[in-house]
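Okay, start_10.cif now, which holds mmCIF, C-alpha atoms:
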```
data_my_file
loop_
_atom_site.label_atom_id
_atom_site.label_comp_id
_atom_site.auth_asym_id
_atom_site.auth_seq_id
_atom_site.Cartn_x
_atom_site.Cartn_y
_atom_site.Cartn_z
CA MET A 274 -28.49 3.96 -4.97
CA ASP A 275 -28.98 7.08 -2.84
CA LYS A 276 -32.18 8.94 -2.21
CA TYR A 277 -32.01 12.64 -3.02
CA GLN A 278 -33.99 15.43 -1.44
CA CYS A 279 -35.11 18.67 -3.03
CA THR A 280 -33.71 21.50 -0.91
CA ILE A 281 -36.51 23.80 -2.07
CA CYS A 282 -39.61 21.84 -1.11
CA GLY A 283 -38.42 18.71 0.66
CA TYR A 284 -39.56 16.17 -1.97
CA VAL A 285 -37.50 12.97 -1.82
CA TYR A 286 -36.52 11.16 -5.02
CA ASP A 287 -36.42 7.47 -4.25
CA PRO A 288 -34.70 5.55 -7.09
CA VAL A 289 -36.58 2.39 -6.09
CA LYS A 290 -39.86 4.11 -6.98
CA GLY A 291 -38.55 6.48 -9.64
CA ASP A 292 -40.88 9.20 -10.93
CA PRO A 293 -42.96 7.28 -13.47
CA ASP A 294 -45.38 10.18 -13.99
CA HIS A 295 -42.51 12.15 -15.48
CA GLY A 296 -40.68 9.58 -17.51
CA ALA A 297 -38.39 8.14 -14.82
CA ALA A 298 -39.10 4.45 -14.43
CA ALA A 299 -38.57 2.69 -11.13
CA GLY A 300 -34.93 1.74 -10.63
CA ILE A 301 -33.34 4.79 -12.25
CA SER A 302 -30.70 6.36 -10.03
CA PHE A 303 -30.84 10.09 -9.39
CA GLU A 304 -27.58 10.56 -11.28
CA ALA A 305 -29.04 8.84 -14.32
CA LEU A 306 -32.08 11.12 -14.51
CA PRO A 307 -31.93 13.36 -17.58
CA ASP A 308 -30.71 16.93 -17.05
CA GLU A 309 -34.10 18.32 -17.93
CA TRP A 310 -35.82 16.33 -15.17
CA VAL A 311 -37.19 18.66 -12.49
CA CYS A 312 -38.65 18.19 -9.04
CA PRO A 313 -42.20 16.90 -9.60
CA VAL A 314 -43.47 18.96 -6.67
CA CYS A 315 -41.91 22.40 -7.03
CA GLY A 316 -40.17 22.36 -10.41
CA ALA A 317 -36.64 22.89 -9.06
CA PRO A 318 -33.77 21.64 -11.27
CA LYS A 319 -31.57 18.65 -10.35
CA SER A 320 -28.88 21.00 -9.05
CA GLU A 321 -31.12 21.87 -6.10
CA PHE A 322 -31.08 18.27 -4.82
CA GLU A 323 -28.83 16.85 -2.12
CA SER A 324 -28.18 13.20 -1.38
CA LEU A 325 -29.65 11.86 1.85
CA MET B 510 -59.02 51.46 12.97
CA LYS B 511 -59.20 49.03 15.80
CA ALA B 512 -57.96 45.54 16.46
CA VAL B 513 -60.57 42.77 16.64
CA GLU B 514 -60.21 40.28 19.48
CA ILE B 515 -60.43 36.68 18.25
CA LYS B 516 -59.69 34.90 21.51
CA LYS B 517 -58.53 36.30 24.78
CA GLY B 518 -55.20 38.00 24.06
CA ILE B 519 -55.26 37.28 20.32
CA TYR B 520 -56.22 40.08 17.94
CA TRP B 521 -56.71 40.54 14.22
CA VAL B 522 -54.68 43.61 13.23
CA GLY B 523 -54.66 43.30 9.44
CA ALA B 524 -55.75 45.56 6.60
CA ILE B 525 -58.78 45.53 4.31
CA ASP B 526 -58.09 46.12 0.61
CA TYR B 527 -61.54 46.94 -0.74
CA ASN B 528 -60.15 48.17 -4.08
CA LEU B 529 -58.06 45.23 -5.25
CA ARG B 530 -59.49 43.73 -8.45
CA SER B 531 -56.48 41.80 -9.75
CA PHE B 532 -53.90 39.89 -7.75
CA HIS B 533 -51.16 39.43 -10.35
CA GLY B 534 -53.84 38.40 -12.81
CA TYR B 535 -56.05 36.45 -10.44
CA THR B 536 -59.25 38.50 -10.44
CA THR B 537 -60.50 39.57 -7.03
CA PRO B 538 -63.95 41.09 -7.56
CA ARG B 539 -64.54 41.13 -3.82
CA GLY B 540 -61.14 42.66 -2.93
CA THR B 541 -59.09 41.00 -0.20
CA THR B 542 -57.65 41.39 3.26
CA TYR B 543 -54.09 40.99 4.48
CA ASN B 544 -54.47 39.39 7.88
CA ALA B 545 -51.94 39.96 10.63
CA TYR B 546 -52.43 38.74 14.19
CA LEU B 547 -51.21 40.12 17.49
CA VAL B 548 -50.70 37.84 20.48
CA ILE B 549 -50.46 39.56 23.86
CA ASP B 550 -48.63 37.58 26.53
CA GLU B 551 -45.53 38.28 28.63
CA LYS B 552 -43.95 38.87 25.25
CA THR B 553 -45.80 40.58 22.43
CA THR B 554 -45.89 38.72 19.13
CA LEU B 555 -47.03 39.84 15.70
CA ILE B 556 -47.82 37.09 13.21
CA ASP B 557 -47.32 38.29 9.63
CA THR B 558 -47.77 41.86 8.40
CA VAL B 559 -49.65 43.44 5.47
CA LYS B 560 -48.90 44.68 1.96
CA ALA B 561 -46.64 47.75 2.10
CA PRO B 562 -49.22 50.46 1.19
CA PHE B 563 -51.31 49.32 4.17
CA LYS B 564 -48.61 49.59 6.84
CA ASP B 565 -50.29 52.53 8.60
CA GLU B 566 -53.52 50.53 8.90
CA LEU B 567 -51.58 47.68 10.51
CA LEU B 568 -49.72 49.98 12.91
CA LYS B 569 -52.93 51.80 13.89
CA ARG B 570 -54.68 48.55 14.68
CA VAL B 571 -51.69 47.33 16.68
CA SER B 572 -51.61 50.68 18.50
CA SER B 573 -55.21 50.18 19.61
CA VAL B 574 -53.87 47.34 21.78
CA VAL B 575 -50.17 48.02 22.45
CA ASN B 576 -47.48 50.42 21.39
CA PRO B 577 -45.80 48.86 18.33
CA LYS B 578 -42.46 49.53 20.04
CA GLU B 579 -43.38 46.74 22.44
CA ILE B 580 -43.49 44.01 19.81
CA ASP B 581 -40.88 41.43 20.79
CA TYR B 582 -41.37 38.91 18.00
CA LEU B 583 -42.44 39.12 14.40
CA ILE B 584 -43.33 35.69 13.01
CA ALA B 585 -43.09 35.71 9.21
CA ASN B 586 -45.05 32.65 8.14
CA HIS B 587 -44.51 33.50 4.46
CA VAL B 588 -42.31 36.11 2.77
CA GLU B 589 -44.52 36.97 -0.21
CA MET B 590 -44.88 40.75 -0.23
CA ASP B 591 -48.58 40.85 0.59
CA HIS B 592 -47.61 39.47 4.02
CA SER B 593 -44.07 40.73 4.58
CA GLY B 594 -44.46 44.12 2.89
CA SER B 595 -44.66 45.98 6.20
CA ALA B 596 -42.05 43.88 8.03
CA SER B 597 -39.37 46.59 7.62
CA ALA B 598 -41.72 49.20 9.09
CA VAL B 599 -42.53 46.93 12.05
CA VAL B 600 -38.86 46.14 12.70
CA GLU B 601 -37.95 49.85 12.52
CA GLN B 602 -40.70 50.84 14.95
CA ALA B 603 -39.98 48.08 17.41
CA GLY B 604 -36.24 48.42 17.64
CA ASP B 605 -35.49 45.38 19.75
CA ILE B 606 -37.35 42.65 17.90
CA GLU B 607 -36.62 39.13 16.78
CA VAL B 608 -37.94 37.90 13.43
CA ILE B 609 -38.97 34.24 13.34
CA CYS B 610 -39.20 32.32 10.04
CA THR B 611 -38.06 29.15 8.29
CA ALA B 612 -34.53 28.89 6.85
CA LYS B 613 -36.00 29.42 3.39
CA GLY B 614 -37.89 32.36 4.80
CA GLU B 615 -34.63 33.99 5.92
CA ASP B 616 -33.12 33.47 2.50
CA PHE B 617 -36.22 34.96 0.84
CA LEU B 618 -36.35 37.93 3.27
CA HIS B 619 -32.80 38.85 2.31
CA ALA B 620 -33.69 38.59 -1.39
CA HIS B 621 -36.61 40.99 -0.88
CA TYR B 622 -35.30 43.46 1.71
CA PRO B 623 -31.54 44.13 1.64
CA GLY B 624 -31.80 45.79 5.08
CA SER B 625 -32.98 42.51 6.58
CA THR B 626 -29.39 41.25 6.84
CA GLU B 627 -29.17 43.57 9.87
CA TRP B 628 -32.25 42.03 11.51
CA ASN B 629 -32.16 39.65 14.42
CA ILE B 630 -33.56 36.55 12.72
CA ARG B 631 -34.24 33.15 14.27
CA THR B 632 -34.96 30.28 11.92
CA VAL B 633 -37.32 27.58 13.12
CA GLY B 634 -38.57 24.16 12.09
CA SER B 635 -41.13 21.64 13.27
CA GLU B 636 -39.14 20.81 16.42
CA ASP B 637 -38.97 24.38 17.67
CA THR B 638 -41.27 26.29 19.98
CA LEU B 639 -41.32 29.90 21.05
CA ASN B 640 -42.26 30.58 24.64
CA ILE B 641 -43.95 33.95 24.97
CA GLY B 642 -45.19 33.61 28.56
CA LYS B 643 -48.21 31.40 29.19
CA ARG B 644 -48.12 30.26 25.61
CA ASN B 645 -45.75 28.08 23.65
CA LEU B 646 -46.09 28.78 19.98
CA SER B 647 -45.10 25.96 17.66
CA PHE B 648 -44.33 25.91 13.97
CA ILE B 649 -45.52 23.68 11.19
CA PRO B 650 -43.36 24.07 8.07
CA ALA B 651 -45.61 23.77 5.03
CA PRO B 652 -43.23 23.95 2.07
CA MET B 653 -44.96 24.69 -1.28
CA LEU B 654 -48.22 25.65 0.40
CA HIS B 655 -47.63 27.74 -1.48
CA TRP B 656 -43.97 28.80 -1.44
CA PRO B 657 -40.95 26.86 -0.19
CA ASP B 658 -40.70 29.18 2.83
CA THR B 659 -44.30 28.78 4.03
CA MET B 660 -45.06 27.67 7.58
CA PHE B 661 -48.06 27.68 9.88
CA THR B 662 -47.93 28.85 13.50
CA TYR B 663 -49.95 27.09 16.19
CA SER B 664 -50.89 28.05 19.72
CA ALA B 665 -51.79 24.84 21.53
CA SER B 666 -53.17 26.52 24.65
CA ASP B 667 -55.59 28.60 22.52
CA ARG B 668 -56.14 25.86 19.92
CA VAL B 669 -55.59 28.48 17.24
CA LEU B 670 -53.93 27.71 13.91
CA PHE B 671 -52.41 30.57 11.94
CA SER B 672 -52.44 28.89 8.57
CA ASN B 673 -51.17 31.76 6.41
CA ASP B 674 -52.40 31.31 2.82
CA GLY B 675 -53.88 27.89 3.63
CA PHE B 676 -57.70 28.18 3.85
CA GLY B 677 -57.50 31.77 2.55
CA GLN B 678 -60.08 33.56 0.41
CA HIS B 679 -59.92 36.89 -1.37
CA ILE B 680 -62.78 38.71 0.30
CA ALA B 681 -62.76 42.27 1.62
CA THR B 682 -65.46 42.63 4.23
CA PRO B 683 -65.71 44.48 7.52
CA ARG B 684 -66.76 41.12 8.97
CA ARG B 685 -63.89 39.11 10.38
CA PHE B 686 -65.51 35.72 10.84
CA CYS B 687 -66.94 33.22 8.41
CA ASP B 688 -70.10 32.83 10.50
CA GLU B 689 -70.79 36.57 10.11
CA ALA B 690 -70.13 36.69 6.38
CA GLY B 691 -73.27 35.01 5.11
CA ASP B 692 -73.54 36.66 1.72
CA TRP B 693 -69.87 36.65 0.81
CA ASN B 694 -69.56 33.24 -0.84
CA VAL B 695 -66.70 32.30 1.49
CA PHE B 696 -66.43 28.70 0.35
CA GLY B 697 -66.68 29.61 -3.33
CA GLU B 698 -63.86 32.12 -2.90
CA ALA B 699 -61.88 29.49 -0.96
CA GLN B 700 -62.33 27.14 -3.94
CA LYS B 701 -61.09 29.79 -6.36
CA TYR B 702 -58.12 30.42 -4.07
CA TYR B 703 -57.23 26.73 -3.84
CA ALA B 704 -57.61 26.27 -7.60
CA ASN B 705 -55.36 29.16 -8.54
CA ILE B 706 -52.80 29.05 -5.74
CA LEU B 707 -52.62 25.57 -4.26
CA MET B 708 -53.78 23.12 -6.95
CA PRO B 709 -50.24 22.34 -8.22
CA TYR B 710 -49.21 21.36 -4.69
CA SER B 711 -52.14 19.10 -3.91
CA ARG B 712 -49.87 16.22 -2.96
CA MET B 713 -48.19 18.35 -0.30
CA ALA B 714 -51.58 19.68 0.80
CA ALA B 715 -52.94 16.15 1.27
CA LYS B 716 -49.91 15.21 3.35
CA LYS B 717 -50.18 18.32 5.49
CA LEU B 718 -53.91 17.79 6.12
CA ASP B 719 -53.10 14.27 7.24
CA GLU B 720 -50.40 15.57 9.55
CA LEU B 721 -52.83 18.07 11.10
CA LYS B 722 -55.50 15.43 11.73
CA GLY B 723 -54.78 15.01 15.42
CA VAL B 724 -54.22 18.69 16.13
CA PRO B 725 -57.10 20.25 18.09
CA VAL B 726 -58.17 23.47 16.41
CA ASP B 727 -60.91 25.86 17.59
CA VAL B 728 -60.00 28.76 15.31
CA VAL B 729 -58.36 28.81 11.88
CA CYS B 730 -56.76 32.17 11.08
CA PRO B 731 -55.75 32.43 7.41
CA SER B 732 -53.82 35.37 5.97
CA HIS B 733 -56.58 36.39 3.54
CA GLY B 734 -60.31 36.72 4.07
CA VAL B 735 -62.41 35.60 6.99
CA ILE B 736 -61.51 33.55 10.07
CA PHE B 737 -63.14 30.18 10.79
CA ARG B 738 -64.27 29.67 14.40
CA GLU B 739 -67.51 27.66 14.20
CA LYS B 740 -66.99 23.92 14.29
CA GLY B 741 -69.26 23.43 11.28
CA ASP B 742 -67.33 25.98 9.23
CA ILE B 743 -63.96 24.47 10.17
CA ASN B 744 -65.16 20.98 9.30
CA ARG B 745 -66.54 22.23 6.00
CA ILE B 746 -63.39 24.03 4.87
CA VAL B 747 -61.17 21.13 5.95
CA SER B 748 -63.29 18.55 4.16
CA LEU B 749 -63.35 20.70 1.02
CA TYR B 750 -59.55 20.98 1.18
CA LYS B 751 -59.27 17.21 1.59
CA SER B 752 -61.44 16.64 -1.44
CA TRP B 753 -59.54 19.19 -3.58
CA ALA B 754 -56.16 17.87 -2.44
CA ALA B 755 -57.23 14.34 -3.35
CA GLY B 756 -58.24 15.58 -6.81
CA GLU B 757 -61.84 14.43 -6.37
CA SER B 758 -64.14 15.49 -9.17
CA LYS B 759 -67.87 15.83 -9.71
CA GLU B 760 -69.84 14.71 -12.74
CA LYS B 761 -69.04 18.04 -14.28
CA ALA B 762 -67.38 19.21 -17.47
CA VAL B 763 -65.87 22.61 -18.21
CA ILE B 764 -66.11 23.74 -21.83
CA VAL B 765 -63.64 26.46 -22.80
CA TYR B 766 -63.44 27.89 -26.30
CA ASP B 767 -62.53 30.78 -28.54
CA THR B 768 -64.34 31.34 -31.79
CA MET B 769 -63.96 33.56 -34.87
CA TYR B 770 -67.35 33.37 -36.61
CA ASN B 771 -69.29 31.41 -33.97
CA SER B 772 -68.77 28.05 -35.68
CA THR B 773 -66.70 26.67 -32.81
CA GLU B 774 -69.20 28.23 -30.43
CA LYS B 775 -72.06 26.33 -32.10
CA MET B 776 -70.09 23.11 -31.66
CA ALA B 777 -69.50 24.00 -28.00
CA ARG B 778 -73.23 24.36 -27.46
CA ALA B 779 -73.98 21.05 -29.18
CA ILE B 780 -71.35 19.23 -27.09
CA ASP B 781 -72.87 20.88 -24.03
CA ASP B 782 -76.33 19.63 -25.03
CA GLY B 783 -74.91 16.11 -25.40
CA LEU B 784 -73.30 16.20 -21.96
CA ARG B 785 -76.41 17.61 -20.34
CA SER B 786 -78.66 15.06 -22.03
CA MET B 787 -76.76 12.48 -19.98
CA GLY B 788 -77.10 14.45 -16.74
CA VAL B 789 -73.54 15.77 -16.60
CA ASP B 790 -73.29 19.26 -15.16
CA THR B 791 -71.46 21.77 -17.37
CA ARG B 792 -69.87 25.20 -17.34
CA ILE B 793 -69.22 27.07 -20.59
CA PHE B 794 -66.61 29.79 -20.95
CA ASN B 795 -65.90 31.86 -24.04
CA LEU B 796 -62.26 32.77 -23.42
CA ARG B 797 -62.69 36.14 -25.09
CA VAL B 798 -64.94 37.35 -22.29
CA SER B 799 -64.02 35.03 -19.41
CA ASP B 800 -61.38 35.26 -16.75
CA LEU B 801 -58.82 32.46 -16.38
CA SER B 802 -58.91 32.41 -12.59
CA ASP B 803 -62.70 31.99 -12.62
CA ILE B 804 -62.38 29.14 -15.10
CA MET B 805 -59.79 27.34 -12.96
CA SER B 806 -62.12 27.48 -9.99
CA GLU B 807 -64.55 25.35 -12.01
CA VAL B 808 -61.78 23.14 -13.44
CA LEU B 809 -60.72 22.19 -9.90
CA ASP B 810 -63.61 19.80 -9.27
CA ALA B 811 -64.57 19.00 -12.87
CA ALA B 812 -64.03 15.53 -14.34
CA ALA B 813 -63.41 16.84 -17.86
CA VAL B 814 -61.96 19.91 -19.54
CA ILE B 815 -63.19 20.37 -23.10
CA VAL B 816 -61.26 22.84 -25.21
CA GLY B 817 -62.41 24.28 -28.53
CA SER B 818 -60.75 26.65 -30.93
CA SER B 819 -61.10 27.86 -34.46
CA THR B 820 -57.94 27.24 -36.46
CA LEU B 821 -56.07 30.49 -36.98
CA ASN B 822 -52.78 30.43 -38.94
CA ASN B 823 -52.67 26.63 -38.69
CA GLY B 824 -52.95 26.62 -34.90
CA PRO B 825 -55.26 27.52 -32.03
CA MET B 826 -56.32 31.06 -31.18
CA PRO B 827 -53.82 32.90 -28.95
CA SER B 828 -56.22 32.93 -25.99
CA ILE B 829 -56.14 29.12 -26.04
CA GLY B 830 -52.36 29.21 -25.70
CA GLY B 831 -52.66 31.37 -22.60
CA PHE B 832 -55.33 29.11 -21.13
CA LEU B 833 -53.39 25.89 -21.78
CA THR B 834 -50.16 27.36 -20.37
CA TYR B 835 -51.89 28.41 -17.16
CA LEU B 836 -53.72 25.07 -16.94
CA LYS B 837 -50.50 23.08 -17.34
CA GLY B 838 -48.78 25.02 -14.56
CA LEU B 839 -51.65 24.25 -12.17
CA ARG B 840 -51.09 20.53 -12.78
CA PRO B 841 -54.66 19.21 -12.60
CA ARG B 842 -54.69 15.45 -12.05
CA GLY B 843 -56.88 12.59 -13.21
CA LYS B 844 -59.04 14.50 -15.65
CA ILE B 845 -60.42 13.82 -19.09
CA GLY B 846 -59.60 16.17 -21.95
CA PHE B 847 -61.18 16.71 -25.35
CA ALA B 848 -60.41 19.07 -28.25
CA PHE B 849 -62.74 20.38 -30.95
CA GLY B 850 -63.10 23.26 -33.36
CA SER B 851 -63.89 24.61 -36.77
CA TYR B 852 -61.25 25.06 -39.47
CA GLY B 853 -61.13 26.25 -43.09
CA TRP B 854 -58.50 24.25 -44.99
CA GLY B 855 -55.41 22.81 -43.26
CA GLY B 856 -56.69 22.66 -39.68
CA GLY B 857 -54.23 22.41 -36.80
CA ALA B 858 -55.97 23.73 -33.68
CA VAL B 859 -57.41 20.39 -32.53
CA LYS B 860 -54.10 18.60 -32.97
CA ALA B 861 -52.17 21.28 -31.07
CA ILE B 862 -54.71 21.35 -28.22
CA ASN B 863 -54.63 17.55 -27.95
CA GLN B 864 -50.83 17.56 -27.71
CA GLU B 865 -50.89 20.15 -24.97
CA LEU B 866 -53.66 18.40 -23.02
CA GLU B 867 -51.74 15.16 -23.21
CA ALA B 868 -48.56 16.87 -22.01
CA THR B 869 -50.59 18.27 -19.09
CA GLY B 870 -51.55 14.74 -18.08
CA PHE B 871 -55.10 14.56 -19.36
CA GLU B 872 -56.59 11.31 -20.61
CA LEU B 873 -58.06 11.70 -24.08
CA PRO B 874 -60.56 8.82 -24.39
CA VAL B 875 -62.65 10.45 -27.14
CA GLU B 876 -61.00 11.41 -30.40
CA GLY B 877 -60.85 15.16 -31.10
CA PHE B 878 -63.43 16.52 -33.52
CA GLN B 879 -63.10 19.22 -36.14
CA THR B 880 -65.44 20.44 -38.81
CA ARG B 881 -64.85 22.53 -41.93
CA PHE B 882 -66.10 26.12 -41.80
CA VAL B 883 -69.69 26.41 -40.57
CA PRO B 884 -71.08 23.31 -38.82
CA GLY B 885 -74.23 22.03 -40.52
CA ARG B 886 -76.81 19.69 -39.10
CA ASP B 887 -74.50 16.68 -39.44
CA ALA B 888 -71.52 18.32 -37.74
CA LEU B 889 -73.73 19.50 -34.90
CA SER B 890 -75.20 16.07 -34.36
CA GLN B 891 -71.62 14.68 -34.41
CA SER B 892 -70.73 17.28 -31.77
CA PHE B 893 -73.76 16.25 -29.69
CA LYS B 894 -72.63 12.61 -29.93
CA ARG B 895 -69.15 13.55 -28.71
CA GLY B 896 -70.84 15.17 -25.72
CA VAL B 897 -72.70 11.92 -25.01
CA GLN B 898 -69.50 9.86 -25.39
CA LEU B 899 -67.66 12.17 -23.02
CA ALA B 900 -70.53 11.94 -20.53
CA ASN B 901 -70.25 8.14 -20.62
CA GLN B 902 -66.52 8.38 -19.92
CA ILE B 903 -67.15 10.80 -17.05
CA LYS B 904 -69.79 8.51 -15.54
CA ARG B 905 -67.57 5.46 -15.87
CA ARG B 906 -65.00 6.93 -13.45
#
```

Rewrite the coordinates I just gave you, this time as structure tokens.
Amino acid sequence: MDKYQCTICGYVYDPVKGDPDHGAAAGISFEALPDEWVCPVCGAPKSEFESL
Amino acid sequence: MKAVEIKKGIYWVGAIDYNLRSFHGYTTPRGTTYNAYLVIDEKTTLIDTVKAPFKDELLKRVSSVVNPKEIDYLIANHVEMDHSGSASAVVEQAGDIEVICTAKGEDFLHAHYPGSTEWNIRTVGSEDTLNIGKRNLSFIPAPMLHWPDTMFTYSASDRVLFSNDGFGQHIATPRRFCDEAGDWNVFGEAQKYYANILMPYSRMAAKKLDELKGVPVDVVCPSHGVIFREKGDINRIVSLYKSWAAGESKEKAVIVYDTMYNSTEKMARAIDDGLRSMGVDTRIFNLRVSDLSDIMSEVLDAAAVIVGSSTLNNGPMPSIGGFLTYLKGLRPRGKIGFAFGSYGWGGGAVKAINQELEATGFELPVEGFQTRFVPGRDALSQSFKRGVQLANQIKRR
């Protein structure tokens, strides 16, 4: 599973850790995140992320 | 209108906005300044500009040191218009000038100033330096502090950090330095600034403060308000920032309410009495007469936010909606929430407030409390008890 980085603020989504504060449990791949998930730091949509 | 020398060869050349009372809704009773800095070396460098209506003030202050035509570099730490608003004027005057900013900064400049596509722009990151003679200026990208384009500029040989909005305060004073501004509540204004501008990005702020730990700094030059040059002042502002970024709270509760016939207000006062009986510090704000940005300044280091509303049309009062929306966007962390209010028949305000507080990430350890119409002795003593329960929760943390 790839890590993805927010091109707006630099936040890195690590699927191993997930984003449990916002409903993404550890182990969920970036692709599997729901469409309404947004960057927990700056609020950018998934489309602003690039794989690392 | 003269420049003020900060260190040998480094000048403040900004503008003082004594009249500003609202910064897109953030109240600024003390006005503000737009700080720009001029560095004189073999090359002449201007760091940031000022809001557009103040461009003549900037150019006059620059002219008291050098002819603005001689500016070789304009460093745009942050594109927001209060800092880049006079960039076009500076570029026009200077002719042969290079604009330095982050890649995001370039993108944002073009989205603000169509003419900027003609400018000579150099994008920089943390690896880059700009040699201007004796000095090498370096850059510290600080995305989301508070825009994606934000960066700090650092002069290692002067030990001066140009931190843009970081460590800023909205204060208009003829004094340029914190140590000269005794009566201006510098640290209180810095708290209000952090709460309203930087709170949502506390994680990034904590990381950046960590990154800056080993960087020797004698002077901190923010883009609003006064400059920090005394060691004690620098230590104080940095330690406050660390505490705010970590989300540390005091034994303090903020009570915010709106009320139709003072019933909810009476409950607010009884809850306040309960909290205070346990030694918890409190702040009370009637939303009808209070300003959101002042409230958030108190929310920043409070352990609990207690929200009361009469029920109007089966929901909270409209002012509560505005407050909760603003609060949610600021993303406070690790705080306790509580909802209360008076209702007539169906109720609804307490439930709606609870939902919103929960969605904002508040813990709700004490069940919300509502009372029908005018609170009598029993409802007030229940309210007092809720205050005591909340105080126990606050003290347990």

Separation of atom CA of Lys511 of chain B from atom CA of Val600 of chain B, in Å and rounded to one decimal: 20.8 Å

Given the PyMOL selection byres ((chain B) within 8 of (chain A)), the residues it picks as a ChimeraX atom specification: /B:613,652-653,657,709-710,712-713

Selection result of the PyMOL selection byres ((chain B and resi 773) around 10) on this file, as a PyMOL selection string: chain B and resi 766-772+774-779+817-820+849-852+879-880+882-884

Residues in the PyMOL selection byres ((chain A and resi 319-324) around 10), expressed as a PyMOL selection string: chain A and resi 274-286+303-304+306-312+316-318+325

For atom CA of Ala512 of chain B and atom CA of Ile549 of chain B, the interatomic separation in Å (one decimal):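 Calculated distance between atom CA of Ala512 of chain B and atom CA of Ile549 of chain B is 12.1 Å.
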
Shell of 6 Å around Tyr546 of chain B, only C-alpha atoms, local chain residues under 6 positions omitted, as a PyMOL selection string: chain B and resi 520-522+555-556

Dump of C-alpha atoms for the selected residues, as a PDB file, in the frame of the given file:
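The resulting file, out11.pdb, is shown below:
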```pdb
ATOM      1  CA  TYR B 520     -56.220  40.080  17.940  1.00  0.00           C
ATOM      2  CA  TRP B 521     -56.710  40.540  14.220  1.00  0.00           C
ATOM      3  CA  VAL B 522     -54.680  43.610  13.230  1.00  0.00           C
ATOM      4  CA  LEU B 555     -47.030  39.840  15.700  1.00  0.00           C
ATOM      5  CA  ILE B 556     -47.820  37.090  13.210  1.00  0.00           C
TER       6      ILE B 556
END
```

Option closest in space to Gly756 of chain B, from B:Glu636, B:Glu615, B:Asp810, B:Glu551 [counting all atoms listed in the file]: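 Looking only at the distances to Gly756 of chain B, the closest residue turns out to be B:Asp810.
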
Two-atom distance - atom CA of Trp753 of chain B, atom CA of Ala699 of chain B (Å): 10.9 Å

Counting all atoms listed in the file, the residue of B:Ile736, B:Ile584, B:Ser828, B:Gln700 that sits nearest Val513 of chain B: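 Ranked by minimum distance to Val513 of chain B, first place goes to B:Ile736.
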
Who sits within 9 Å of Ile649 of chain B, all atoms listed in the file, same chain under 4 positions skipped, as number ranges by chain: B: 634-636, 659-663

Residue list as a list in words for point (-42.4, 49.3, 6.5), cut-off 12 Å, all atoms listed in the file: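 Every polymer residue passing the test: Thr558, Val559, Lys560, Ala561, Pro562, Phe563, Lys564, Asp565, Glu566, Leu567, Leu568, Met590, His592, Ser593, Gly594, Ser595, Ala596, Ser597, Ala598, Val599, Val600, Glu601, Gln602, Ala603, Tyr622, Gly624 and Ser625 of chain B.
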
Using all atoms of segment 742-752 of chain B that appear in the file, construct an axis-aligned enclosing box with 6 Å of padding on every side and provide its centre coordinates and edge lengths in Å, rounded to one decimal, as lines of an AutoDock Vina configuration file.
```
center_x = -63.3
center_y = 21.3
center_z = 4.4
size_x = 20.1
size_y = 21.3
size_z = 23.6
```

Contacts of Ala299 of chain A within 8 Å, all atoms listed in the file, excl. fewer than 6 positions in-chain, as a PyMOL selection string: chain A and resi 288-293

Spatial neighbours of segment 835-846 of chain B, max dist 7 Å, all atoms listed in the file, sep filter under 4 positions, as a ChimeraX atom specification: /B:708-709,756,812-815,831,866,869-873

Who sits within 8 Å of Glu807 of chain B, all atoms listed in the file, same chain under 3 positions skipped, as a list in words: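 Answer for this query is Lys701, Val763, Arg792, Asp803, Ile804, Asp810 and Ala811 of chain B.
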
Selection file, C-alpha atoms, as a PDB file, in the frame of the given file:
```pdb
ATOM      1  CA  LYS B 701     -61.090  29.790  -6.360  1.00  0.00           C
ATOM      2  CA  VAL B 763     -65.870  22.610 -18.210  1.00  0.00           C
ATOM      3  CA  ARG B 792     -69.870  25.200 -17.340  1.00  0.00           C
ATOM      4  CA  ASP B 803     -62.700  31.990 -12.620  1.00  0.00           C
ATOM      5  CA  ILE B 804     -62.380  29.140 -15.100  1.00  0.00           C
ATOM      6  CA  ASP B 810     -63.610  19.800  -9.270  1.00  0.00           C
ATOM      7  CA  ALA B 811     -64.570  19.000 -12.870  1.00  0.00           C
TER       8      ALA B 811
END
```

Among the residues B:Tyr582, B:Phe737, B:Trp693, B:Tyr750, the one that comes closest to Ile641 of chain B [using only C-alpha atoms]: B:Tyr582
